[in-house]
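Note: the block below is data.cif and it holds mmCIF, C-alpha atoms.
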```
data_structure
loop_
_atom_site.group_PDB
_atom_site.id
_atom_site.type_symbol
_atom_site.label_atom_id
_atom_site.label_comp_id
_atom_site.auth_asym_id
_atom_site.auth_seq_id
_atom_site.Cartn_x
_atom_site.Cartn_y
_atom_site.Cartn_z
ATOM 1 C CA GLN A 1 0.000 0.000 0.000
ATOM 2 C CA THR A 2 1.477 3.349 -0.982
ATOM 3 C CA THR A 3 0.307 6.860 -1.605
ATOM 4 C CA GLY A 4 2.428 7.236 -4.708
ATOM 5 C CA LEU A 5 3.726 10.584 -3.422
ATOM 6 C CA VAL A 6 7.282 11.058 -2.207
ATOM 7 C CA GLY A 7 7.535 11.679 1.536
ATOM 8 C CA LEU A 8 3.883 10.973 2.395
ATOM 9 C CA ALA A 9 3.390 7.711 4.263
ATOM 10 C CA VAL A 10 0.052 5.931 4.136
ATOM 11 C CA ALA A 11 -2.086 7.149 7.044
ATOM 12 C CA GLU A 12 -3.614 4.443 9.188
ATOM 13 C CA ASN A 13 -6.969 5.519 10.640
ATOM 14 C CA PRO A 14 -7.326 8.803 8.697
ATOM 15 C CA HIS A 15 -10.865 9.396 9.974
ATOM 16 C CA GLU A 16 -9.645 9.628 13.549
ATOM 17 C CA ARG A 17 -6.794 11.973 12.628
ATOM 18 C CA LEU A 18 -9.086 14.225 10.586
ATOM 19 C CA ARG A 19 -11.672 14.259 13.364
ATOM 20 C CA ILE A 20 -9.038 15.396 15.876
ATOM 21 C CA LEU A 21 -7.648 18.047 13.518
ATOM 22 C CA TYR A 22 -11.039 19.482 12.629
ATOM 23 C CA THR A 23 -12.130 19.707 16.259
ATOM 24 C CA LYS A 24 -8.857 21.462 17.084
ATOM 25 C CA ILE A 25 -9.376 23.943 14.241
ATOM 26 C CA LEU A 26 -12.915 24.688 15.361
ATOM 27 C CA GLY A 27 -11.651 25.190 18.915
ATOM 28 C CA VAL A 28 -8.997 27.657 17.735
ATOM 29 C CA LEU A 29 -11.554 29.517 15.623
ATOM 30 C CA GLN A 30 -13.651 30.221 18.718
ATOM 31 C CA ASN A 31 -10.994 32.739 19.775
ATOM 32 C CA ILE A 32 -11.626 34.891 16.717
ATOM 33 C CA PRO A 33 -14.450 37.478 16.817
ATOM 34 C CA LYS A 34 -17.679 36.068 15.498
ATOM 35 C CA ASP A 35 -18.094 38.572 12.669
ATOM 36 C CA ALA A 36 -14.662 38.007 11.079
ATOM 37 C CA ALA A 37 -14.954 36.702 7.521
ATOM 38 C CA TYR A 38 -12.081 34.278 8.089
ATOM 39 C CA ARG A 39 -13.924 32.567 10.926
ATOM 40 C CA LYS A 40 -17.158 32.361 8.904
ATOM 41 C CA TYR A 41 -15.631 30.839 5.797
ATOM 42 C CA THR A 42 -13.216 28.525 7.577
ATOM 43 C CA GLU A 43 -15.979 27.189 9.828
ATOM 44 C CA GLN A 44 -18.044 26.559 6.726
ATOM 45 C CA ILE A 45 -15.240 24.616 5.018
ATOM 46 C CA VAL A 46 -14.290 22.672 8.143
ATOM 47 C CA ASN A 47 -17.879 21.711 9.002
ATOM 48 C CA GLN A 48 -18.492 20.591 5.449
ATOM 49 C CA ARG A 49 -15.395 18.371 5.466
ATOM 50 C CA PHE A 50 -16.105 17.160 8.991
ATOM 51 C CA ASN A 51 -19.595 15.992 8.008
ATOM 52 C CA LEU A 52 -18.249 14.185 4.985
ATOM 53 C CA VAL A 53 -15.580 12.477 7.114
ATOM 54 C CA GLN A 54 -18.136 11.382 9.681
ATOM 55 C CA THR A 55 -20.707 10.052 7.226
ATOM 56 C CA GLU A 56 -18.352 8.265 4.840
ATOM 57 C CA THR A 57 -16.340 5.371 6.252
ATOM 58 C CA ASP A 58 -14.765 4.091 3.037
ATOM 59 C CA VAL A 59 -11.454 5.857 2.369
ATOM 60 C CA GLN A 60 -11.662 5.702 -1.432
ATOM 61 C CA LYS A 61 -15.208 7.093 -1.563
ATOM 62 C CA LEU A 62 -14.230 9.790 0.948
ATOM 63 C CA GLN A 63 -11.352 10.879 -1.274
ATOM 64 C CA ASP A 64 -13.718 11.116 -4.255
ATOM 65 C CA LYS A 65 -16.302 13.091 -2.309
ATOM 66 C CA LEU A 66 -13.772 15.548 -0.911
ATOM 67 C CA ASN A 67 -12.250 15.893 -4.393
ATOM 68 C CA SER A 68 -8.980 17.117 -2.966
ATOM 69 C CA GLY A 69 -6.363 14.463 -3.719
ATOM 70 C CA HIS A 70 -5.254 11.676 -1.382
ATOM 71 C CA ILE A 71 -6.471 11.451 2.205
ATOM 72 C CA GLU A 72 -2.918 12.061 3.354
ATOM 73 C CA GLU A 73 -2.929 15.343 1.420
ATOM 74 C CA VAL A 74 -6.222 16.274 3.092
ATOM 75 C CA ILE A 75 -4.593 15.589 6.466
ATOM 76 C CA VAL A 76 -1.606 17.800 5.562
ATOM 77 C CA GLN A 77 -3.998 20.537 4.437
ATOM 78 C CA ALA A 78 -5.902 20.320 7.720
ATOM 79 C CA GLU A 79 -2.655 20.651 9.657
ATOM 80 C CA ASN A 80 -1.778 23.731 7.577
ATOM 81 C CA GLU A 81 -5.206 25.235 8.246
ATOM 82 C CA LEU A 82 -4.697 24.665 11.974
ATOM 83 C CA SER A 83 -1.330 26.438 12.013
ATOM 84 C CA LEU A 84 -2.810 29.252 9.920
ATOM 85 C CA ALA A 85 -5.704 29.690 12.352
ATOM 86 C CA ARG A 86 -3.266 29.954 15.259
ATOM 87 C CA LYS A 87 -1.229 32.596 13.425
ATOM 88 C CA MET A 88 -4.381 34.513 12.429
ATOM 89 C CA ILE A 89 -5.174 35.037 16.106
ATOM 90 C CA GLN A 90 -1.901 36.946 16.481
ATOM 91 C CA TRP A 91 -2.127 38.902 13.232
ATOM 92 C CA LYS A 92 -5.841 39.838 13.460
ATOM 93 C CA PRO A 93 -6.351 40.518 9.743
ATOM 94 C CA TRP A 94 -10.066 41.368 10.123
ATOM 95 C CA GLU A 95 -9.288 44.847 11.425
ATOM 96 C CA PRO A 96 -9.628 47.783 9.001
ATOM 97 C CA LEU A 97 -6.804 48.857 6.725
ATOM 98 C CA VAL A 98 -3.456 49.576 8.405
ATOM 99 C CA GLU A 99 -2.398 52.453 6.168
ATOM 100 C CA GLU A 100 -3.660 53.904 2.914
ATOM 101 C CA PRO A 101 -1.133 53.959 0.068
ATOM 102 C CA PRO A 102 0.018 57.290 -1.444
ATOM 103 C CA SER A 103 -2.423 58.330 -4.154
ATOM 104 C CA ASP A 104 -0.058 57.716 -7.069
ATOM 105 C CA GLN A 105 1.300 54.420 -5.761
ATOM 106 C CA TRP A 106 -0.853 51.990 -7.703
ATOM 107 C CA ARG A 107 -1.576 54.144 -10.743
ATOM 108 C CA TRP A 108 -0.534 52.509 -13.998
ATOM 109 C CA PRO A 109 0.521 53.893 -16.525
ATOM 110 C CA ILE A 110 2.372 56.444 -14.371
ATOM 111 C CA THR B 111 -6.917 39.587 -34.265
ATOM 112 C CA VAL B 112 -7.978 40.287 -30.712
ATOM 113 C CA ARG B 113 -7.662 37.680 -27.949
ATOM 114 C CA PRO B 114 -11.159 36.331 -27.086
ATOM 115 C CA LYS B 115 -12.373 37.368 -23.636
ATOM 116 C CA ASN B 116 -12.843 34.481 -21.182
ATOM 117 C CA GLU B 117 -15.750 35.855 -19.131
ATOM 118 C CA VAL B 118 -16.101 32.758 -16.955
ATOM 119 C CA GLU B 119 -12.506 32.851 -15.781
ATOM 120 C CA GLN B 120 -12.675 36.582 -15.191
ATOM 121 C CA LYS B 121 -15.783 36.178 -13.029
ATOM 122 C CA GLN B 122 -14.139 33.376 -11.050
ATOM 123 C CA LEU B 123 -11.026 35.471 -10.445
ATOM 124 C CA CYS B 124 -13.146 38.483 -9.437
ATOM 125 C CA ALA B 125 -15.081 36.319 -6.986
ATOM 126 C CA PHE B 126 -11.904 34.900 -5.503
ATOM 127 C CA GLY B 127 -10.374 38.375 -5.258
ATOM 128 C CA GLU B 128 -13.413 39.607 -3.336
ATOM 129 C CA TYR B 129 -13.204 36.559 -1.070
ATOM 130 C CA VAL B 130 -9.565 37.223 -0.156
ATOM 131 C CA ALA B 131 -10.191 40.955 0.279
ATOM 132 C CA GLU B 132 -13.047 40.182 2.657
ATOM 133 C CA ILE B 133 -10.883 37.903 4.795
ATOM 134 C CA LEU B 134 -7.807 40.188 4.977
ATOM 135 C CA PRO B 135 -9.026 43.806 4.951
ATOM 136 C CA LYS B 136 -6.179 44.892 7.248
ATOM 137 C CA TYR B 137 -3.476 44.592 4.610
ATOM 138 C CA ILE B 138 -5.108 44.492 1.174
ATOM 139 C CA GLN B 139 -5.364 47.972 -0.326
ATOM 140 C CA GLN B 140 -6.684 47.078 -3.744
ATOM 141 C CA VAL B 141 -7.531 44.033 -5.843
ATOM 142 C CA GLN B 142 -7.488 44.103 -9.611
ATOM 143 C CA VAL B 143 -8.001 41.653 -12.459
ATOM 144 C CA THR B 144 -6.147 42.431 -15.678
ATOM 145 C CA CYS B 145 -7.728 41.940 -19.085
ATOM 146 C CA PHE B 146 -5.534 38.831 -19.506
ATOM 147 C CA ASN B 147 -7.263 37.212 -16.500
ATOM 148 C CA GLU B 148 -4.489 37.792 -13.969
ATOM 149 C CA LEU B 149 -5.508 38.468 -10.370
ATOM 150 C CA GLU B 150 -3.387 40.987 -8.453
ATOM 151 C CA LEU B 151 -3.539 41.810 -4.731
ATOM 152 C CA LEU B 152 -1.984 45.130 -3.717
ATOM 153 C CA ILE B 153 -0.709 44.892 -0.136
ATOM 154 C CA HIS B 154 0.653 47.139 2.583
ATOM 155 C CA PRO B 155 4.273 46.052 3.283
ATOM 156 C CA ASP B 156 3.474 45.028 6.893
ATOM 157 C CA GLY B 157 1.185 42.350 5.559
ATOM 158 C CA ILE B 158 3.548 40.330 3.393
ATOM 159 C CA ILE B 159 4.008 37.383 5.749
ATOM 160 C CA PRO B 160 0.321 37.186 6.850
ATOM 161 C CA VAL B 161 -0.950 37.347 3.277
ATOM 162 C CA LEU B 162 1.588 34.878 1.909
ATOM 163 C CA THR B 163 0.970 32.380 4.728
ATOM 164 C CA PHE B 164 -2.770 32.742 4.231
ATOM 165 C CA LEU B 165 -2.447 32.076 0.514
ATOM 166 C CA ARG B 166 -0.205 29.089 1.187
ATOM 167 C CA ASP B 167 -2.150 27.424 4.002
ATOM 168 C CA HIS B 168 -5.827 28.207 3.502
ATOM 169 C CA THR B 169 -7.922 25.385 2.058
ATOM 170 C CA ASN B 170 -9.587 27.542 -0.600
ATOM 171 C CA ALA B 171 -6.296 29.044 -1.772
ATOM 172 C CA GLN B 172 -3.458 26.533 -1.673
ATOM 173 C CA PHE B 173 -0.824 28.640 -3.445
ATOM 174 C CA LYS B 174 2.053 26.420 -2.434
ATOM 175 C CA SER B 175 4.444 27.428 -5.172
ATOM 176 C CA LEU B 176 6.303 30.738 -5.341
ATOM 177 C CA ALA B 177 6.929 31.132 -9.040
ATOM 178 C CA ASP B 178 8.702 34.504 -9.014
ATOM 179 C CA LEU B 179 9.825 37.321 -6.737
ATOM 180 C CA THR B 180 10.882 40.536 -8.448
ATOM 181 C CA ALA B 181 10.866 44.273 -7.983
ATOM 182 C CA VAL B 182 9.857 47.162 -10.222
ATOM 183 C CA ASP B 183 11.550 50.561 -9.963
ATOM 184 C CA VAL B 184 9.365 53.618 -10.566
ATOM 185 C CA PRO B 185 11.583 56.522 -9.452
ATOM 186 C CA SER B 186 8.861 59.171 -9.594
ATOM 187 C CA ARG B 187 6.835 57.620 -6.762
ATOM 188 C CA GLN B 188 7.342 58.232 -3.070
ATOM 189 C CA TYR B 189 7.766 54.492 -2.465
ATOM 190 C CA ARG B 190 9.907 53.767 -5.424
ATOM 191 C CA PHE B 191 10.155 49.993 -5.492
ATOM 192 C CA GLU B 192 7.232 47.620 -6.039
ATOM 193 C CA ILE B 193 7.964 44.077 -4.844
ATOM 194 C CA VAL B 194 6.021 41.487 -6.862
ATOM 195 C CA TYR B 195 5.338 37.892 -5.767
ATOM 196 C CA ASN B 196 3.881 35.459 -8.318
ATOM 197 C CA LEU B 197 2.228 32.431 -6.722
ATOM 198 C CA LEU B 198 0.888 29.261 -8.321
ATOM 199 C CA SER B 199 -1.701 26.904 -6.865
ATOM 200 C CA LEU B 200 -1.196 23.327 -7.998
ATOM 201 C CA ARG B 201 -4.432 22.082 -6.426
ATOM 202 C CA PHE B 202 -6.651 24.636 -8.207
ATOM 203 C CA ASN B 203 -4.400 25.394 -11.201
ATOM 204 C CA SER B 204 -4.438 29.140 -10.825
ATOM 205 C CA ARG B 205 -1.998 31.988 -10.375
ATOM 206 C CA ILE B 206 -2.085 35.120 -8.286
ATOM 207 C CA ARG B 207 0.157 38.151 -8.001
ATOM 208 C CA VAL B 208 0.873 39.951 -4.719
ATOM 209 C CA LYS B 209 2.411 43.424 -4.906
ATOM 210 C CA THR B 210 3.917 45.548 -2.124
ATOM 211 C CA TYR B 211 5.810 48.806 -2.052
ATOM 212 C CA THR B 212 8.870 50.194 -0.321
ATOM 213 C CA ASP B 213 11.405 52.975 -0.712
ATOM 214 C CA GLU B 214 15.171 52.702 -0.759
ATOM 215 C CA LEU B 215 15.761 52.651 2.972
ATOM 216 C CA THR B 216 12.771 50.828 4.489
ATOM 217 C CA PRO B 217 13.382 47.107 5.034
ATOM 218 C CA VAL B 218 10.772 44.588 3.969
ATOM 219 C CA ASP B 219 9.942 41.311 5.747
ATOM 220 C CA SER B 220 11.572 38.346 4.081
ATOM 221 C CA ALA B 221 9.294 35.699 2.550
ATOM 222 C CA VAL B 222 11.792 32.921 3.306
ATOM 223 C CA PRO B 223 9.926 31.645 6.428
ATOM 224 C CA VAL B 224 6.880 31.142 4.189
ATOM 225 C CA HIS B 225 8.454 29.970 0.915
ATOM 226 C CA LYS B 226 11.989 28.585 0.893
ATOM 227 C CA ALA B 227 12.226 29.441 -2.803
ATOM 228 C CA ALA B 228 12.344 33.148 -1.950
ATOM 229 C CA ASN B 229 15.927 32.856 -0.711
ATOM 230 C CA TRP B 230 17.857 33.523 -3.925
ATOM 231 C CA TYR B 231 15.127 35.707 -5.384
ATOM 232 C CA GLU B 232 15.453 38.072 -2.440
ATOM 233 C CA ARG B 233 19.221 38.048 -2.763
ATOM 234 C CA GLU B 234 18.772 39.052 -6.389
ATOM 235 C CA VAL B 235 16.362 41.883 -5.512
ATOM 236 C CA TRP B 236 18.817 43.111 -2.857
ATOM 237 C CA ASP B 237 21.707 42.988 -5.289
ATOM 238 C CA MET B 238 19.936 44.546 -8.236
ATOM 239 C CA TYR B 239 17.673 47.109 -6.533
ATOM 240 C CA GLY B 240 18.955 47.605 -3.005
ATOM 241 C CA VAL B 241 15.785 46.519 -1.183
ATOM 242 C CA PHE B 242 16.795 45.172 2.236
ATOM 243 C CA PHE B 243 14.961 42.084 3.524
ATOM 244 C CA ALA B 244 14.729 41.722 7.291
ATOM 245 C CA ASN B 245 15.138 38.217 8.759
ATOM 246 C CA HIS B 246 16.682 36.845 5.607
ATOM 247 C CA PRO B 247 19.074 33.976 6.472
ATOM 248 C CA ASP B 248 21.872 35.015 4.104
ATOM 249 C CA LEU B 249 21.443 38.338 2.282
ATOM 250 C CA ARG B 250 24.450 39.006 0.070
ATOM 251 C CA ARG B 251 25.195 39.776 -3.559
ATOM 252 C CA ILE B 252 24.385 37.059 -6.060
ATOM 253 C CA LEU B 253 24.825 38.341 -9.622
ATOM 254 C CA THR B 254 27.184 41.322 -9.488
ATOM 255 C CA ASP B 255 30.942 41.092 -9.158
ATOM 256 C CA TYR B 256 32.516 40.852 -5.687
ATOM 257 C CA GLY B 257 33.487 44.484 -5.168
ATOM 258 C CA PHE B 258 30.711 45.985 -7.230
ATOM 259 C CA GLU B 259 29.165 49.198 -5.967
ATOM 260 C CA GLY B 260 25.723 50.253 -6.991
ATOM 261 C CA HIS B 261 22.439 48.542 -7.778
ATOM 262 C CA PRO B 262 22.239 47.883 -11.517
ATOM 263 C CA PHE B 263 18.498 47.503 -12.134
ATOM 264 C CA ARG B 264 17.610 50.885 -10.717
ATOM 265 C CA LYS B 265 16.395 53.351 -13.295
ATOM 266 C CA ASP B 266 19.122 55.886 -12.435
ATOM 267 C CA PHE B 267 21.945 53.395 -12.991
ATOM 268 C CA PRO B 268 23.286 53.985 -16.525
ATOM 269 C CA LEU B 269 23.182 51.255 -19.166
ATOM 270 C CA SER B 270 26.962 51.037 -19.446
ATOM 271 C CA GLY B 271 27.579 51.329 -15.688
ATOM 272 C CA TYR B 272 30.145 53.490 -13.875
ATOM 273 C CA VAL B 273 33.220 51.262 -13.570
ATOM 274 C CA GLU B 274 32.854 48.713 -16.281
ATOM 275 C CA VAL B 275 36.220 48.876 -18.062
ATOM 276 C CA ARG B 276 38.585 46.297 -16.596
ATOM 277 C CA TYR B 277 41.904 45.065 -17.989
ATOM 278 C CA ASP B 278 45.092 43.375 -16.857
ATOM 279 C CA ASP B 279 47.667 45.939 -15.776
ATOM 280 C CA GLU B 280 51.377 46.032 -14.978
ATOM 281 C CA VAL B 281 50.161 44.968 -11.569
ATOM 282 C CA LYS B 282 49.146 41.723 -13.256
ATOM 283 C CA ARG B 283 45.536 41.736 -12.154
ATOM 284 C CA VAL B 284 42.157 43.013 -13.191
ATOM 285 C CA VAL B 285 41.469 46.623 -12.205
ATOM 286 C CA ALA B 286 38.284 48.653 -12.232
ATOM 287 C CA GLU B 287 38.445 52.024 -13.897
ATOM 288 C CA PRO B 288 35.784 54.563 -14.854
ATOM 289 C CA VAL B 289 34.085 53.566 -18.073
ATOM 290 C CA GLU B 290 35.259 55.119 -21.355
ATOM 291 C CA LEU B 291 33.020 54.570 -24.333
ATOM 292 C CA SER B 292 34.244 55.390 -27.819
ATOM 293 C CA GLN B 293 30.849 56.855 -28.736
ATOM 294 C CA GLU B 294 28.755 58.775 -26.298
ATOM 295 C CA PHE B 295 25.317 57.442 -25.434
ATOM 296 C CA ARG B 296 22.621 58.555 -27.859
ATOM 297 C CA LYS B 297 19.001 58.459 -26.849
ATOM 298 C CA PHE B 298 16.506 58.451 -29.682
ATOM 299 C CA ASP B 299 13.076 59.847 -29.071
ATOM 300 C CA LEU B 300 10.925 57.533 -31.133
ATOM 301 C CA ASN B 301 7.600 59.257 -30.417
ATOM 302 C CA SER B 302 5.929 60.694 -33.447
ATOM 303 C CA PRO B 303 4.703 64.300 -33.260
ATOM 304 C CA TRP B 304 1.163 63.158 -34.087
ATOM 305 C CA GLU B 305 -1.102 61.525 -31.515
ATOM 306 C CA ALA B 306 -1.260 57.776 -32.226
ATOM 307 C CA PHE B 307 -4.434 56.613 -30.408
ATOM 308 C CA PRO B 308 -6.919 59.457 -29.892
ATOM 309 C CA ALA B 309 -9.491 57.027 -28.474
ATOM 310 C CA TYR B 310 -7.175 56.007 -25.591
ATOM 311 C CA ARG B 311 -6.110 59.382 -24.211
ATOM 312 C CA ALA B 312 -6.985 58.574 -20.595
ATOM 313 C CA ALA B 313 -5.579 55.423 -19.005
ATOM 314 C CA PRO B 314 -8.330 52.754 -18.882
ATOM 315 C CA GLU B 315 -9.691 52.038 -15.413
ATOM 316 C CA PRO B 316 -8.681 48.567 -14.159
ATOM 317 C CA LEU B 317 -11.464 46.278 -12.950
ATOM 318 C CA LYS B 318 -11.272 47.372 -9.309
ATOM 319 C CA ILE B 319 -12.891 45.375 -6.517
ATOM 320 C CA GLU B 320 -13.685 47.283 -3.315
ATOM 321 C CA ALA B 321 -12.119 45.705 -0.249
ATOM 322 C CA GLY B 322 -15.439 45.332 1.553
ATOM 323 C CA ALA B 323 -17.378 47.736 3.736
ATOM 324 C CA LYS B 324 -14.654 47.875 6.372
ATOM 325 C CA LYS B 325 -12.341 49.839 4.061
ATOM 326 C CA GLU B 326 -14.979 52.486 3.518
ATOM 327 C CA ASP B 327 -15.529 52.700 7.266
ATOM 328 C CA ALA B 328 -11.826 53.309 7.795
ATOM 329 C CA LYS B 329 -11.995 56.271 5.397
#
```
Show the structure stored in the file as structure tokens.
Amino acid sequence: QTTGLVGLAVAENPHERLRILYTKILGVLQNIPKDAAYRKYTEQIVNQRFNLVQTETDVQKLQDKLNSGHIEEVIVQAENELSLARKMIQWKPWEPLVEEPPSDQWRWPI
Amino acid sequence: TVRPKNEVEQKQLCAFGEYVAEILPKYIQQVQVTCFNELELLIHPDGIIPVLTFLRDHTNAQFKSLADLTAVDVPSRQYRFEIVYNLLSLRFNSRIRVKTYTDELTPVDSAVPVHKAANWYEREVWDMYGVFFANHPDLRRILTDYGFEGHPFRKDFPLSGYVEVRYDDEVKRVVAEPVELSQEFRKFDLNSPWEAFPAYRAAPEPLKIEAGAKKEDAK
């Protein structure tokens, strides 16, 4: 059994791992203000994937339904989303614009 | 012949641009889609690392590949250099461009923690333009000669350079001397005295997407 991708080992029990990761992401998202667009959209994506993971037990069919490459890639993506959510709490990108650019900065042609 | 307009792709890129601008209103100043279906995000320089990590890690925008990192010199602006990042998403087969600005003395955050590929690209931008990258692991010259002074790609650096002429001397080594050209530089003004395109006198407005209601509130 092999994923066919270099460096990605076959994941045993991917449903469990994905369940843990998605619950962690949702927990981290609770620390973001409720009206932030990032929280809204990420919760939407995570809940969608979470429901699919919980309803579908067959790995192959789950991969087809998620339509996002191998299950191991989905796990890597969930880990990335978790680290991103943690960093978003520090950066707070939902606040209004930091600084307006000078008026001629983005004019093209000059 | 004129290239046929791909309305579907343009709408998709517009929608995605609005999505990203809604999630990151703190750093994104403007979003535009060119007529060749290229999405561009115009960023405040503080937001390079947040925006690049978001584009790399978020599920809807897995731009894992940094295709290019360059700079553009426009000497007439207050912030003269425009740093351009070209990203490619392998999962969704799409590209995006992220642009920031800086002047000659302000350092910019290095993208190396986010994309390892940025290492040599940032060295090249430092060498050629003089844009300093903070937290870069190894920022030194990469294309110019070892004792070279100046930043060649700047618009005020002449085409022939200042100290280009080098030859072996009685001292039996290569020396750098001020450049002597046999013919002085001639600049030809190729504009015709008649107006070429009367229909295009004003620059066309790019397809601008407002960065959500929050930007208008900040004004």
With all atoms listed in the file as the counted atoms, please give the residues lying no more than 12 Å from A:Asn13, apart from itself and same-chain residues fewer than 6 positions off, as a ChimeraX atom specification.
/A:19-20,53,57-59,71-72,75
Take the residues from that selection and write them out as an mmCIF file, in the frame of the given file, keeping C-alpha atoms.
```cif
data_model
loop_
_atom_site.group_PDB
_atom_site.id
_atom_site.type_symbol
_atom_site.label_atom_id
_atom_site.label_comp_id
_atom_site.auth_asym_id
_atom_site.auth_seq_id
_atom_site.Cartn_x
_atom_site.Cartn_y
_atom_site.Cartn_z
ATOM 1 C CA ARG A 19 -11.672 14.259 13.364
ATOM 2 C CA ILE A 20 -9.038 15.396 15.876
ATOM 3 C CA VAL A 53 -15.580 12.477 7.114
ATOM 4 C CA THR A 57 -16.340 5.371 6.252
ATOM 5 C CA ASP A 58 -14.765 4.091 3.037
ATOM 6 C CA VAL A 59 -11.454 5.857 2.369
ATOM 7 C CA ILE A 71 -6.471 11.451 2.205
ATOM 8 C CA GLU A 72 -2.918 12.061 3.354
ATOM 9 C CA ILE A 75 -4.593 15.589 6.466
#
```
Find the axis-aligned box for stretch 23-30 of chain A, covering all its listed atoms and adding 4 Å on each side, and write its centre and edge lengths in Å to one decimal as JSON.
```
{"center_x": -11.3, "center_y": 25.0, "center_z": 16.6, "size_x": 12.8, "size_y": 18.5, "size_z": 12.7}
```
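Near chain B, counting only C-alpha atoms at 6 Å, the chain A residues are A:Ala37, A:Tyr38, A:Asn80, A:Glu81, A:Pro93, A:Trp94, A:Glu95, A:Pro96, A:Leu97, A:Val98.
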May I have the residues from that selection written out with C-alpha atoms, as a PDB file, in the coordinates of the input?
```pdb
ATOM      1  CA  ALA A  37     -14.954  36.702   7.521  1.00  0.00           C
ATOM      2  CA  TYR A  38     -12.081  34.278   8.089  1.00  0.00           C
ATOM      3  CA  ASN A  80      -1.778  23.731   7.577  1.00  0.00           C
ATOM      4  CA  GLU A  81      -5.206  25.235   8.246  1.00  0.00           C
ATOM      5  CA  PRO A  93      -6.351  40.518   9.743  1.00  0.00           C
ATOM      6  CA  TRP A  94     -10.066  41.368  10.123  1.00  0.00           C
ATOM      7  CA  GLU A  95      -9.288  44.847  11.425  1.00  0.00           C
ATOM      8  CA  PRO A  96      -9.628  47.783   9.001  1.00  0.00           C
ATOM      9  CA  LEU A  97      -6.804  48.857   6.725  1.00  0.00           C
ATOM     10  CA  VAL A  98      -3.456  49.576   8.405  1.00  0.00           C
TER      11      VAL A  98
END
```
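Near B:Glu150, within 9 Å and counting only C-alpha atoms, sit Gly127, Gln140, Val141, Gln142, Val143, Thr144, Ile206, Arg207, Val208 and Lys209 of chain B, not including residues fewer than 6 positions from it in the same chain.
Computed from the coordinates, the atom CA of B:Pro217 to atom CA of B:Lys174 distance equals 24.7 Å.
Close contacts of B:Gly260, defined as residues with an atom at most 9 Å away when counting only C-alpha atoms, with chain neighbours fewer than 2 positions off set aside, comprise B:Asp237, B:Met238, B:Tyr239, B:Gly240, B:Phe258, B:Pro262, B:Arg264, B:Phe267, B:Gly271, B:Tyr272.
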Tell me, in Å to one decimal, how far atom CA of B:Gln293 is from atom CA of B:Pro268.
14.6 Å
Expanded to explicit residues, what is the PyMOL selection byres ((chain B and resi 176-179) around 7) for this file, as a JSON list (two decimals) with C-alpha atoms, in the frame of the given file?
```json
[["chain", "number", "residue", "atom", "x", "y", "z"],
["B", 174, "LYS", "CA", 2.05, 26.42, -2.43],
["B", 175, "SER", "CA", 4.44, 27.43, -5.17],
["B", 180, "THR", "CA", 10.88, 40.54, -8.45],
["B", 194, "VAL", "CA", 6.02, 41.49, -6.86],
["B", 195, "TYR", "CA", 5.34, 37.89, -5.77],
["B", 196, "ASN", "CA", 3.88, 35.46, -8.32],
["B", 197, "LEU", "CA", 2.23, 32.43, -6.72],
["B", 198, "LEU", "CA", 0.89, 29.26, -8.32],
["B", 225, "HIS", "CA", 8.45, 29.97, 0.92],
["B", 227, "ALA", "CA", 12.23, 29.44, -2.80],
["B", 228, "ALA", "CA", 12.34, 33.15, -1.95],
["B", 231, "TYR", "CA", 15.13, 35.71, -5.38]]
```
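What separates atom CA of A:Glu100 from atom CA of B:Leu151 is a distance of 14.3 Å.
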Take the PyMOL selection byres ((chain B and resi 241) around 8), run it mentally on this structure, and tell me the resulting residues as JSON, numbers by chain.
{"B": [191, 212, 213, 214, 215, 216, 217, 218, 235, 236, 239, 240, 242, 243]}
Translate the PyMOL selection byres ((chain B and resi 221) around 9) into a concrete residue list for this structure, as a PyMOL selection string.
chain B and resi 158-159+162+219-220+222-229+232+243+245-246
